[in-house]
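File shown: upload-v5.tsv. Contents: TSV, C-alpha atoms.
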chain	number	residue	atom	x	y	z
V	294	MET	CA	10.08	-1.00	-16.40
V	295	HIS	CA	10.18	-2.78	-13.05
V	296	ARG	CA	12.67	-1.80	-10.38
V	297	ALA	CA	15.37	-4.17	-9.18
V	298	LYS	CA	14.13	-6.81	-6.79
V	299	LYS	CA	14.20	-5.94	-3.10
V	300	ILE	CA	13.98	-8.96	-0.80
V	301	ILE	CA	11.46	-8.49	2.01
V	302	ASP	CA	12.28	-9.29	5.63
V	303	LEU	CA	8.71	-9.45	6.89
V	304	SER	CA	9.34	-9.46	10.63
V	305	SER	CA	11.59	-6.39	10.58
V	306	THR	CA	9.31	-4.62	8.08
V	307	PHE	CA	6.22	-5.15	10.24
V	308	ARG	CA	8.18	-4.03	13.30
V	309	ASP	CA	9.07	-0.80	11.48
V	310	LEU	CA	5.44	-0.30	10.52
V	311	GLU	CA	4.35	-0.77	14.13
V	312	ASN	CA	6.85	1.84	15.28
V	313	ALA	CA	5.58	4.29	12.65
V	314	LEU	CA	1.86	3.80	13.37
V	315	GLN	CA	0.05	6.98	14.43
V	316	ILE	CA	-3.16	7.06	16.48
V	317	GLU	CA	-4.74	10.53	16.54
V	318	LYS	CA	-7.56	11.96	18.62
V	319	TYR	CA	-10.29	14.05	16.95
V	320	GLN	CA	-13.19	16.11	18.22
V	321	LEU	CA	-15.81	16.32	15.48
V	322	ASN	CA	-18.99	18.40	15.60
V	323	LEU	CA	-20.82	15.66	13.67
V	324	PHE	CA	-20.31	13.32	16.60
V	325	LYS	CA	-20.35	15.88	19.43
V	326	PRO	CA	-23.93	15.06	20.54
V	327	TYR	CA	-22.93	11.43	21.10
V	328	VAL	CA	-19.20	11.12	21.96
V	329	LYS	CA	-16.54	13.53	23.15
V	330	HIS	CA	-13.83	12.37	20.76
V	331	ILE	CA	-12.85	9.62	18.32
V	332	TYR	CA	-9.44	8.01	17.88
V	333	LEU	CA	-8.31	7.52	14.29
V	334	VAL	CA	-5.82	4.72	13.62
V	335	ARG	CA	-3.85	6.12	10.68
V	336	LEU	CA	-2.93	3.11	8.56
V	337	ASP	CA	-3.22	5.51	5.63
V	338	LYS	CA	-0.03	7.24	6.82
V	339	LEU	CA	1.97	4.01	6.90
V	340	ASN	CA	4.29	3.40	3.97
V	341	LEU	CA	7.59	1.73	3.18
V	342	SER	CA	10.63	3.90	2.73
V	343	GLY	CA	11.12	4.42	-0.99
V	344	ALA	CA	7.94	2.53	-1.93
V	345	ILE	CA	5.60	4.64	-4.04
V	346	ASN	CA	1.77	4.26	-3.99
V	347	LEU	CA	1.91	1.41	-1.45
V	348	SER	CA	0.44	2.17	1.96
V	349	GLY	CA	-2.37	1.43	4.41
V	350	ASN	CA	-3.83	-1.99	5.18
V	351	LYS	CA	-2.66	-3.23	1.77
V	352	LEU	CA	0.88	-3.41	3.18
V	353	PHE	CA	-0.18	-6.14	5.57
V	354	LYS	CA	-2.02	-8.13	2.89
V	355	LEU	CA	0.37	-7.77	-0.02
V	356	LEU	CA	3.85	-7.88	1.54
V	357	PRO	CA	3.46	-11.52	2.66
V	358	ASN	CA	2.33	-12.42	-0.86
V	359	ILE	CA	5.32	-10.61	-2.35
V	360	ALA	CA	7.58	-12.50	0.08
V	361	ASP	CA	5.95	-15.81	-0.94
V	362	ALA	CA	6.53	-15.03	-4.61
V	363	GLN	CA	10.18	-14.23	-3.89
V	364	ARG	CA	10.69	-17.43	-1.87
V	365	ASN	CA	9.14	-19.54	-4.63
V	366	ALA	CA	10.99	-17.77	-7.47
V	367	GLN	CA	7.73	-16.62	-9.06
V	368	SER	CA	8.04	-13.51	-11.18
V	369	THR	CA	4.32	-12.72	-11.65
V	370	ILE	CA	1.36	-12.10	-9.34
V	371	VAL	CA	-2.22	-12.36	-10.67
V	372	SER	CA	-5.26	-10.92	-8.90
V	373	PHE	CA	-8.76	-9.50	-9.36
V	374	GLY	CA	-10.70	-6.27	-8.94
V	375	GLY	CA	-13.08	-3.71	-10.35
V	376	PRO	CA	-12.24	-0.56	-12.33
V	377	TRP	CA	-11.70	1.47	-9.13
V	378	SER	CA	-10.04	-1.32	-7.14
V	379	ASN	CA	-7.72	-0.22	-4.32
V	380	HIS	CA	-6.39	-3.78	-4.30
V	381	LEU	CA	-5.30	-3.79	-7.95
V	382	HIS	CA	-3.84	-0.30	-7.60
V	383	ALA	CA	-1.78	-1.39	-4.57
V	384	LEU	CA	-0.74	-4.66	-6.23
V	385	ALA	CA	0.52	-2.80	-9.30
V	386	ALA	CA	2.51	-0.52	-6.98
V	387	ALA	CA	3.93	-3.52	-5.13
V	388	GLY	CA	4.98	-5.12	-8.40
V	389	GLU	CA	6.67	-1.93	-9.56
V	390	ASN	CA	8.49	-1.47	-6.25
V	391	PHE	CA	9.63	-5.08	-5.85
V	392	GLY	CA	10.45	-6.00	-9.44
V	393	LEU	CA	7.53	-8.34	-10.10
V	394	ALA	CA	5.17	-8.50	-13.07
V	395	THR	CA	1.48	-8.12	-12.20
V	396	VAL	CA	-1.71	-9.15	-13.99
V	397	GLY	CA	-5.07	-7.61	-13.09
V	398	ILE	CA	-8.25	-9.49	-14.02
V	399	VAL	CA	-10.74	-6.61	-14.24
V	400	ARG	CA	-14.48	-7.05	-13.77
V	401	GLY	CA	-16.48	-5.88	-16.81
V	402	GLU	CA	-15.80	-5.17	-20.46
V	403	ARG	CA	-12.98	-2.77	-21.31
V	404	PRO	CA	-14.40	0.79	-21.33
V	405	PRO	CA	-13.54	3.32	-24.06
V	406	ILE	CA	-11.72	5.39	-21.41
V	407	LEU	CA	-9.96	3.72	-18.50
V	408	THR	CA	-10.54	4.93	-14.95
V	409	PRO	CA	-7.65	6.84	-13.33
V	410	THR	CA	-7.12	3.77	-11.11
V	411	LEU	CA	-6.53	1.50	-14.11
V	412	ILE	CA	-4.44	4.13	-15.89
V	413	ASP	CA	-2.21	4.23	-12.81
V	414	ALA	CA	-2.05	0.42	-12.67
V	415	GLN	CA	-1.02	0.22	-16.33
V	416	ARG	CA	1.58	2.94	-15.84
V	417	MET	CA	3.03	0.92	-12.94
V	418	GLY	CA	3.40	-2.08	-15.23
V	419	MET	CA	0.24	-4.10	-14.61
V	420	HIS	CA	-1.19	-6.05	-17.53
V	421	LEU	CA	-4.97	-5.60	-17.53
V	422	GLN	CA	-7.27	-8.36	-18.71
V	423	PHE	CA	-10.96	-7.43	-18.91
V	424	VAL	CA	-13.60	-10.12	-18.56
V	425	SER	CA	-17.40	-10.12	-18.43
V	426	ARG	CA	-19.03	-10.04	-15.02
V	427	LYS	CA	-20.16	-13.65	-15.44
V	428	SER	CA	-16.67	-14.80	-16.41
V	429	TYR	CA	-15.17	-12.72	-13.60
V	430	LYS	CA	-17.28	-14.56	-11.03
V	431	ALA	CA	-16.28	-17.94	-12.45
V	432	LEU	CA	-12.60	-16.97	-12.56
V	433	GLN	CA	-12.70	-15.79	-8.96
V	434	ALA	CA	-14.09	-19.17	-7.95
V	435	ALA	CA	-11.36	-20.89	-9.95
V	436	SER	CA	-8.73	-18.68	-8.32
V	437	SER	CA	-9.90	-19.72	-4.88
V	438	THR	CA	-9.60	-23.35	-5.97
V	439	ALA	CA	-6.10	-22.66	-7.27
V	440	VAL	CA	-5.06	-21.06	-3.98
V	441	ALA	CA	-6.52	-23.98	-2.04
V	442	ALA	CA	-4.68	-26.41	-4.28
V	443	ASP	CA	-1.37	-24.62	-3.75
V	444	GLU	CA	-1.78	-24.30	0.02
V	445	ARG	CA	-2.94	-27.89	0.59
V	446	SER	CA	-0.43	-29.37	-1.88
V	447	GLU	CA	-3.16	-31.44	-3.47
V	448	VAL	CA	-3.84	-32.19	-7.13
V	449	PHE	CA	-7.16	-30.90	-8.49
V	450	ASP	CA	-8.60	-32.42	-11.65
V	451	ASP	CA	-10.74	-29.42	-12.49
V	452	GLU	CA	-11.21	-28.29	-16.09
V	453	ARG	CA	-12.13	-24.75	-15.07
V	454	LEU	CA	-9.00	-24.48	-12.91
V	455	ASP	CA	-6.85	-25.80	-15.76
V	456	ARG	CA	-8.29	-23.20	-18.16
V	457	PHE	CA	-7.66	-20.47	-15.63
V	458	LYS	CA	-4.03	-21.48	-15.05
V	459	THR	CA	-3.49	-21.69	-18.80
V	460	MET	CA	-4.80	-18.15	-19.14
V	461	VAL	CA	-2.73	-16.57	-16.36
V	462	GLY	CA	0.37	-18.73	-16.65
V	463	GLN	CA	2.39	-19.89	-13.68
V	464	GLY	CA	2.15	-16.72	-11.59
V	465	LEU	CA	1.18	-16.55	-7.93
V	466	ILE	CA	-2.63	-16.33	-7.80
V	467	VAL	CA	-3.98	-13.96	-5.12
V	468	PRO	CA	-7.77	-13.82	-4.67
V	469	ALA	CA	-9.58	-10.48	-4.77
V	470	GLY	CA	-8.76	-8.37	-1.74
V	471	GLY	CA	-5.77	-10.54	-0.82
V	472	SER	CA	-7.95	-13.10	0.98
V	473	ASN	CA	-5.50	-16.03	1.01
V	474	LEU	CA	-3.38	-17.52	3.82
V	475	ALA	CA	-0.53	-15.05	3.35
V	476	GLY	CA	-2.90	-12.08	3.45
V	477	PHE	CA	-4.62	-13.53	6.53
V	478	GLN	CA	-1.31	-13.94	8.35
V	479	GLY	CA	-0.29	-10.40	7.43
V	480	THR	CA	-3.50	-8.81	8.69
V	481	SER	CA	-3.37	-10.93	11.83
V	482	VAL	CA	-0.02	-9.24	12.54
V	483	LEU	CA	-1.90	-5.95	12.27
V	484	GLY	CA	-4.37	-7.28	14.85
V	485	LYS	CA	-1.51	-8.06	17.24
V	486	ILE	CA	-0.05	-4.59	16.70
V	487	LEU	CA	-3.37	-2.89	17.42
V	488	ARG	CA	-3.93	-5.03	20.51
V	489	ARG	CA	-0.64	-3.71	21.84
V	490	ARG	CA	-0.90	-0.10	20.63
V	491	LEU	CA	-4.54	0.86	21.28
V	492	ARG	CA	-5.16	2.66	24.55
V	493	SER	CA	-6.81	0.56	27.24
V	494	ASN	CA	-9.79	2.95	27.34
V	495	ILE	CA	-10.77	2.09	23.73
V	496	SER	CA	-13.61	-0.44	23.81
V	497	SER	CA	-14.85	-0.28	20.19
V	498	LEU	CA	-12.87	-0.44	16.95
V	499	TRP	CA	-14.81	0.42	13.78
V	500	MET	CA	-13.69	-0.41	10.27
V	501	ALA	CA	-15.00	-0.70	6.73
V	502	SER	CA	-15.06	-4.10	5.04
V	503	GLY	CA	-15.10	-5.17	1.40
V	504	THR	CA	-14.11	-8.81	0.85
V	505	GLY	CA	-13.69	-9.34	4.61
V	506	SER	CA	-10.03	-10.37	4.35
V	507	THR	CA	-8.63	-7.55	6.48
V	508	LEU	CA	-11.47	-7.92	8.96
V	509	GLY	CA	-10.93	-11.67	9.39
V	510	GLY	CA	-7.18	-11.46	9.92
V	511	LEU	CA	-7.53	-8.48	12.23
V	512	ALA	CA	-10.13	-10.28	14.36
V	513	ALA	CA	-7.91	-13.35	14.70
V	514	GLY	CA	-4.81	-11.32	15.54
V	515	MET	CA	-6.57	-9.38	18.27
V	516	THR	CA	-7.50	-12.53	20.22
V	517	HIS	CA	-5.28	-13.96	22.97
V	518	ASP	CA	-5.08	-17.44	21.52
V	519	TYR	CA	-4.08	-16.87	17.90
V	520	SER	CA	-0.34	-17.21	17.20
V	521	VAL	CA	1.24	-15.65	14.14
V	522	ASP	CA	3.82	-17.52	12.12
V	523	ALA	CA	7.36	-16.61	13.26
V	524	ASP	CA	8.32	-15.55	9.73
V	525	TYR	CA	5.72	-12.78	9.93
V	526	TRP	CA	5.85	-11.69	13.54
V	527	ALA	CA	9.16	-10.33	14.88
V	528	GLU	CA	8.64	-11.93	18.30
V	529	GLY	CA	7.83	-15.33	16.86
V	530	GLY	CA	4.39	-15.68	18.40
V	531	SER	CA	1.69	-13.97	20.38
V	532	ILE	CA	2.30	-10.85	22.44
V	533	ALA	CA	3.33	-11.67	26.00
V	534	ALA	CA	0.40	-11.75	28.43
V	535	SER	CA	1.95	-8.94	30.50
V	536	THR	CA	1.64	-6.55	27.55
V	537	GLN	CA	-1.88	-7.52	26.52
V	538	ARG	CA	-4.54	-4.81	26.52
V	539	PRO	CA	-8.29	-5.42	26.82
V	540	GLN	CA	-9.70	-6.58	23.48
V	541	PRO	CA	-11.92	-3.94	21.83
V	542	LYS	CA	-15.13	-5.11	20.17
V	543	LEU	CA	-14.89	-5.01	16.37
V	544	PHE	CA	-17.62	-3.24	14.39
V	545	ALA	CA	-17.57	-3.70	10.62
V	546	VAL	CA	-19.43	-1.51	8.14
V	547	PRO	CA	-19.72	-3.34	4.77
V	548	ALA	CA	-18.86	-1.18	1.77
V	549	LEU	CA	-21.86	-2.62	-0.05
V	550	ARG	CA	-25.03	-4.51	0.82
V	551	ASP	CA	-23.71	-8.05	1.30
V	552	SER	CA	-25.58	-10.53	3.49
V	553	SER	CA	-22.90	-13.17	2.85
V	554	LEU	CA	-20.08	-11.19	4.47
V	555	PRO	CA	-20.46	-12.54	8.05
V	556	GLN	CA	-20.45	-16.15	6.86
V	557	ARG	CA	-17.50	-15.46	4.55
V	558	VAL	CA	-15.46	-13.98	7.39
V	559	LEU	CA	-16.48	-16.86	9.67
V	560	SER	CA	-15.33	-19.38	7.03
V	561	LEU	CA	-12.02	-17.52	6.66
V	562	LEU	CA	-11.45	-17.67	10.42
V	563	GLN	CA	-12.35	-21.34	10.68
V	564	MET	CA	-10.17	-22.20	7.70
V	565	ASN	CA	-7.25	-20.59	9.54
V	566	GLY	CA	-7.68	-22.42	12.81
V	567	MET	CA	-10.22	-20.31	14.72
V	568	LYS	CA	-12.53	-23.24	15.47
V	569	ALA	CA	-14.20	-21.52	18.43
V	570	TRP	CA	-15.82	-19.01	16.08
V	571	SER	CA	-18.60	-21.36	15.11
V	572	HIS	CA	-21.85	-19.54	15.80
V	573	THR	CA	-23.40	-16.57	14.07
V	574	ASP	CA	-26.50	-14.92	15.51
V	575	ALA	CA	-28.00	-12.89	12.67
V	576	SER	CA	-30.61	-10.59	14.13
V	577	GLN	CA	-31.64	-7.94	11.63
V	578	ASP	CA	-34.26	-5.26	11.97
V	579	GLN	CA	-35.00	-4.06	8.46
V	580	SER	CA	-36.88	-1.03	9.78
V	581	ASN	CA	-33.73	0.33	11.40
V	582	SER	CA	-31.07	2.25	9.48
V	583	CYS	CA	-28.49	-0.11	10.99
V	584	ALA	CA	-29.03	-3.87	10.86
V	585	GLU	CA	-26.74	-5.68	13.27
V	586	VAL	CA	-25.35	-9.14	12.66
V	587	THR	CA	-23.06	-10.42	15.38
V	588	ASP	CA	-21.08	-13.58	16.03
V	589	GLY	CA	-20.05	-12.46	19.49
V	590	HIS	CA	-16.69	-11.16	18.27
V	591	ILE	CA	-17.71	-8.92	15.35
V	592	SER	CA	-20.82	-6.81	14.82
V	593	TYR	CA	-21.77	-5.83	11.27
V	594	TYR	CA	-23.69	-2.63	10.61
V	595	ASN	CA	-25.21	-2.76	7.13
V	596	LEU	CA	-26.00	0.54	5.47
V	597	HIS	CA	-29.31	0.08	3.68
V	598	ASP	CA	-28.39	2.48	0.87
V	599	SER	CA	-25.02	0.87	0.08
V	600	ALA	CA	-26.21	-1.13	-2.91
V	601	GLY	CA	-22.77	-0.95	-4.52
V	602	TYR	CA	-19.22	0.06	-3.73
V	603	ALA	CA	-19.58	3.45	-5.40
V	604	HIS	CA	-23.24	4.05	-4.53
V	605	VAL	CA	-23.81	7.47	-2.97
V	606	SER	CA	-27.20	8.52	-1.60
V	607	ALA	CA	-28.08	12.20	-1.16
V	608	GLU	CA	-27.92	11.96	2.64
V	609	TYR	CA	-24.61	10.13	2.54
V	610	GLY	CA	-23.23	12.66	0.07
V	611	ARG	CA	-24.07	15.52	2.45
V	612	PHE	CA	-22.53	13.64	5.39
V	613	HIS	CA	-19.37	12.91	3.39
V	614	LYS	CA	-18.86	16.55	2.45
V	615	ARG	CA	-19.32	17.69	6.04
V	616	LEU	CA	-16.95	14.99	7.31
V	617	GLU	CA	-14.21	16.12	4.93
V	618	LEU	CA	-14.64	19.73	6.07
V	619	GLU	CA	-14.38	18.77	9.74
V	620	LEU	CA	-11.37	16.50	9.27
V	621	ASP	CA	-9.82	19.09	6.93
V	622	GLU	CA	-8.70	16.36	4.54
V	623	PRO	CA	-10.22	14.31	1.70
V	624	ILE	CA	-11.82	10.95	2.59
V	625	ASP	CA	-12.68	8.24	0.11
V	626	HIS	CA	-16.42	7.64	-0.27
V	627	VAL	CA	-16.27	3.86	-0.81
V	628	TYR	CA	-14.78	2.77	2.50
V	629	MET	CA	-13.76	5.45	4.98
V	630	GLY	CA	-16.75	7.72	4.46
V	631	LYS	CA	-19.07	4.75	4.96
V	632	VAL	CA	-17.49	3.58	8.21
V	633	PHE	CA	-17.88	7.07	9.70
V	634	TYR	CA	-21.43	7.17	8.34
V	635	GLY	CA	-22.24	3.79	9.87
V	636	LEU	CA	-20.85	4.86	13.23
V	637	TRP	CA	-22.83	8.12	13.06
V	638	GLN	CA	-26.06	6.24	12.29
V	639	ALA	CA	-25.44	3.77	15.09
V	640	LEU	CA	-24.85	6.55	17.62
V	641	LYS	CA	-27.92	8.46	16.41
V	642	SER	CA	-30.00	5.29	16.76
V	643	ARG	CA	-28.74	4.86	20.33
V	644	VAL	CA	-27.31	1.44	19.55
V	645	ASP	CA	-25.92	-0.20	22.69
V	646	LEU	CA	-22.13	0.06	22.41
V	647	PRO	CA	-19.49	-1.06	24.93
V	648	ASN	CA	-18.58	1.53	27.56
V	649	GLY	CA	-15.37	3.32	26.65
V	650	ASP	CA	-13.84	5.28	23.80
V	651	ILE	CA	-14.25	4.61	20.08
V	652	ALA	CA	-11.50	4.15	17.49
V	653	VAL	CA	-11.87	4.09	13.70
V	654	LEU	CA	-9.41	2.24	11.46
V	655	HIS	CA	-8.32	4.49	8.58
V	656	THR	CA	-7.29	2.04	5.86
V	657	GLY	CA	-6.43	4.59	3.17
V	658	GLY	CA	-7.91	4.08	-0.30
V	659	LEU	CA	-7.87	7.76	-1.17
V	660	GLN	CA	-7.05	7.03	-4.82
V	661	GLY	CA	-10.60	5.68	-5.23
V	662	ARG	CA	-12.08	9.06	-4.31
V	663	ARG	CA	-11.47	10.11	-7.90
V	664	GLY	CA	-14.51	7.98	-8.74
V	665	LEU	CA	-16.67	10.40	-6.75
V	666	LEU	CA	-15.42	13.25	-8.90
V	667	SER	CA	-16.29	11.33	-12.09
V	668	MET	CA	-19.82	10.71	-10.78
V	669	ASN	CA	-20.34	14.43	-10.30
V	670	HIS	CA	-19.62	15.25	-13.95
Write-out of the structure in structure tokens:
Amino acid sequence: MHRAKKIIDLSSTFRDLENALQIEKYQLNLFKPYVKHIYLVRLDKLNLSGAINLSGNKLFKLLPNIADAQRNAQSTIVSFGGPWSNHLHALAAAGENFGLATVGIVRGERPPILTPTLIDAQRMGMHLQFVSRKSYKALQAASSTAVAADERSEVFDDERLDRFKTMVGQGLIVPAGGSNLAGFQGTSVLGKILRRRLRSNISSLWMASGTGSTLGGLAAGMTHDYSVDADYWAEGGSIAASTQRPQPKLFAVPALRDSSLPQRVLSLLQMNGMKAWSHTDASQDQSNSCAEVTDGHISYYNLHDSAGYAHVSAEYGRFHKRLELELDEPIDHVYMGKVFYGLWQALKSRVDLPNGDIAVLHTGGLQGRRGLLSMNH
């Protein structure tokens, strides 16, 4: 049973989220040999009043899509993810809270026992449709075509797209991870917020990345020259120059080994008007534990043992346990544990980082930690 529809006022909602954002300072023994303290940007503590199971960076990606569905009188949102997907979990919660039906296209055949993530999603009203990995890849490609068709108002004569739309109906199609225009605009608002809220002494901002959608929007929003649509940003444009802070360098730690991520983020930026981001210098040293790929705005630190989202090496497992003890709170192993691990490896390897303090973006995703428990049994 879906709740009654609540119409979203994006600008006031994002303003409320900015006012509620907490940035905390930690001193961790793991990092003591290298840095005095680390700032943690607590997106995981952001939530909407009365909204259950909807928090973190997903707010910035999903709320604009919910608003688009409401404006266009669409009652269903369709998207994609794996059996432990934070994105599908958050989308199901958004649908339940805002009175929309949701459909999750799940990668892989239906297992005999659903993961806790998918059980939650079903309980929140999401219809799950399982497809083979091969079909999943094809459907994702078709979904991107569908989004492009909708956003460019063009007609596509594509048999695969037609089959996909027949399967999912007339719902709003959101690519995996929320990587469409609405999600980009929402996360670019987050970039503007962080540009204003981060202390001027912070020179490096580290974050985990999956599809690259949050990373791309965040990078655009943190630049001086990217303006956010007035419907999304309460002030109707970029932050005034008098309130601008120095722009921290972005460091992304991919959640899995993915050499295509930098180009995918670059394409996302260029597609959304960031034409200056046109060069990628990929210099990788495979003998190092951290391989850096930089385009001048973002550096990517690839963990060599992150073969999959849920992959956990023995060394990483030990690091993760110690990190949780020092923070005195649970941390998901798919995203947040890996960004701390990547930062730790970079500092140990004496990677040249900008002078100044370091911040880490805590995007939430704690529900996925239950997958670590299942791996240990």
Scan for residues within 8 Å of the point (-16.7, 16.3, 11.7) in the coordinates of the file, using only C-alpha atoms, and reply as a PDB file with C-alpha atoms, in the coordinates of the input.
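Written out: point-v6.pdb:
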ATOM      1  CA  GLN V 320     -13.190  16.110  18.220  1.00  0.00           C
ATOM      2  CA  LEU V 321     -15.810  16.320  15.480  1.00  0.00           C
ATOM      3  CA  ASN V 322     -18.990  18.400  15.600  1.00  0.00           C
ATOM      4  CA  LEU V 323     -20.820  15.660  13.670  1.00  0.00           C
ATOM      5  CA  PHE V 324     -20.310  13.320  16.600  1.00  0.00           C
ATOM      6  CA  ARG V 615     -19.320  17.690   6.040  1.00  0.00           C
ATOM      7  CA  LEU V 616     -16.950  14.990   7.310  1.00  0.00           C
ATOM      8  CA  GLU V 617     -14.210  16.120   4.930  1.00  0.00           C
ATOM      9  CA  LEU V 618     -14.640  19.730   6.070  1.00  0.00           C
ATOM     10  CA  GLU V 619     -14.380  18.770   9.740  1.00  0.00           C
ATOM     11  CA  LEU V 620     -11.370  16.500   9.270  1.00  0.00           C
TER      12      LEU V 620
END
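With distances restricted to all atoms listed in the file, V:Gly392 is the closest residue to Ile300 in chain V from V:Gly418, V:Pro326, V:Gly375, V:Gly392.
Considering only C-alpha atoms, the residue among V:Ser425, V:Thr516, V:Gln367, V:Asn340 positioned nearest to Ala383 in chain V is V:Asn340.
Minimum distance to Leu559 in chain V across V:Asn494, V:Ala513, V:Lys631, V:Thr395 (counting all atoms listed in the file) occurs at V:Ala513.
Reported to one decimal place, the separation of CA of Leu352 in chain V from CA of Ser592 in chain V is 24.9 Å.
Among the candidates V:Pro357, V:Asp337, V:Phe307, V:Ile370, the one nearest to Gln463 in chain V when counting only C-alpha atoms is V:Ile370.
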Quick check, in Å to one decimal: how far apart do CA of Ala360 in chain V and CA of Pro376 in chain V lie? 26.3 Å
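Using all atoms listed in the file, the protein and nucleic acid residues lying no more than 7 Å from range 484-487 of chain V, apart from those fewer than 2 places from it along its own chain, are V:Glu311, V:Thr480, V:Ser481, V:Val482, V:Arg489, V:Arg490, V:Leu491, V:Leu511, V:Ala512, V:Gly514, V:Met515.
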Kindly save the residues from that selection, with C-alpha atoms included, as a PDB file, in the coordinates of the input.
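Done, and the output landed in part.pdb:
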ATOM      1  CA  GLU V 311       4.350  -0.770  14.130  1.00  0.00           C
ATOM      2  CA  THR V 480      -3.500  -8.810   8.690  1.00  0.00           C
ATOM      3  CA  SER V 481      -3.370 -10.930  11.830  1.00  0.00           C
ATOM      4  CA  VAL V 482      -0.020  -9.240  12.540  1.00  0.00           C
ATOM      5  CA  ARG V 489      -0.640  -3.710  21.840  1.00  0.00           C
ATOM      6  CA  ARG V 490      -0.900  -0.100  20.630  1.00  0.00           C
ATOM      7  CA  LEU V 491      -4.540   0.860  21.280  1.00  0.00           C
ATOM      8  CA  LEU V 511      -7.530  -8.480  12.230  1.00  0.00           C
ATOM      9  CA  ALA V 512     -10.130 -10.280  14.360  1.00  0.00           C
ATOM     10  CA  GLY V 514      -4.810 -11.320  15.540  1.00  0.00           C
ATOM     11  CA  MET V 515      -6.570  -9.380  18.270  1.00  0.00           C
TER      12      MET V 515
END
From V:Leu381, V:Asn595, V:Tyr327, V:Phe353, residue lying nearest Arg308 in chain V [only C-alpha atoms]: V:Phe353
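Across V:Arg557, V:Lys641, V:Lys354, V:Lys542, the tightest approach to Val653 in chain V is made by V:Lys542 when counting only C-alpha atoms.
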Contacts of Gly388 in chain V at 12 Å or less, counting all atoms listed in the file, minus same-chain residues fewer than 2 places along, as number ranges by chain? V: 294-299, 344-347, 355-356, 358-360, 362-363, 367-372, 381-386, 390-397, 414-420
Quick one: residues within 6 Å of range 498-510 of chain V, all atoms listed in the file counted, chain neighbours fewer than 4 positions away excluded, as JSON, numbers by chain? {"V": [470, 472, 477, 480, 481, 543, 544, 545, 546, 547, 548, 558, 628, 632, 652, 653, 654]}
Reconstruct N, CA and C atoms of range 488-502 of chain V; output as a short mmCIF file (atom, residue, chain, number, x, y, z; two decimals), in the coordinates of the input.
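Result file out38.cif:
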data_model
loop_
_atom_site.label_atom_id
_atom_site.label_comp_id
_atom_site.auth_asym_id
_atom_site.auth_seq_id
_atom_site.Cartn_x
_atom_site.Cartn_y
_atom_site.Cartn_z
N ARG V 488 -3.67 -4.58 19.14
CA ARG V 488 -3.93 -5.03 20.51
C ARG V 488 -2.92 -4.41 21.47
N ARG V 489 -1.69 -4.26 20.99
CA ARG V 489 -0.64 -3.71 21.84
C ARG V 489 -0.67 -2.18 21.87
N ARG V 490 -1.04 -1.56 20.74
CA ARG V 490 -0.90 -0.10 20.63
C ARG V 490 -2.13 0.69 21.05
N LEU V 491 -3.34 0.10 20.93
CA LEU V 491 -4.54 0.86 21.28
C LEU V 491 -4.58 1.13 22.78
N ARG V 492 -5.03 2.30 23.14
CA ARG V 492 -5.16 2.66 24.55
C ARG V 492 -6.17 1.74 25.23
N SER V 493 -5.95 1.49 26.51
CA SER V 493 -6.81 0.56 27.24
C SER V 493 -8.24 1.07 27.39
N ASN V 494 -8.44 2.40 27.21
CA ASN V 494 -9.79 2.95 27.34
C ASN V 494 -10.63 2.78 26.08
N ILE V 495 -10.03 2.29 24.99
CA ILE V 495 -10.77 2.09 23.73
C ILE V 495 -11.49 0.74 23.79
N SER V 496 -12.82 0.79 23.70
CA SER V 496 -13.61 -0.44 23.81
C SER V 496 -14.24 -0.86 22.49
N SER V 497 -14.23 0.02 21.48
CA SER V 497 -14.85 -0.28 20.19
C SER V 497 -13.90 0.14 19.08
N LEU V 498 -13.68 -0.76 18.12
CA LEU V 498 -12.87 -0.44 16.95
C LEU V 498 -13.74 -0.64 15.72
N TRP V 499 -13.96 0.44 14.97
CA TRP V 499 -14.81 0.42 13.78
C TRP V 499 -13.96 0.40 12.53
N MET V 500 -14.42 -0.35 11.53
CA MET V 500 -13.69 -0.41 10.27
C MET V 500 -14.65 -0.72 9.13
N ALA V 501 -14.25 -0.33 7.93
CA ALA V 501 -15.00 -0.70 6.73
C ALA V 501 -14.55 -2.07 6.27
N SER V 502 -15.42 -2.77 5.53
CA SER V 502 -15.06 -4.10 5.04
C SER V 502 -15.58 -4.29 3.63
#
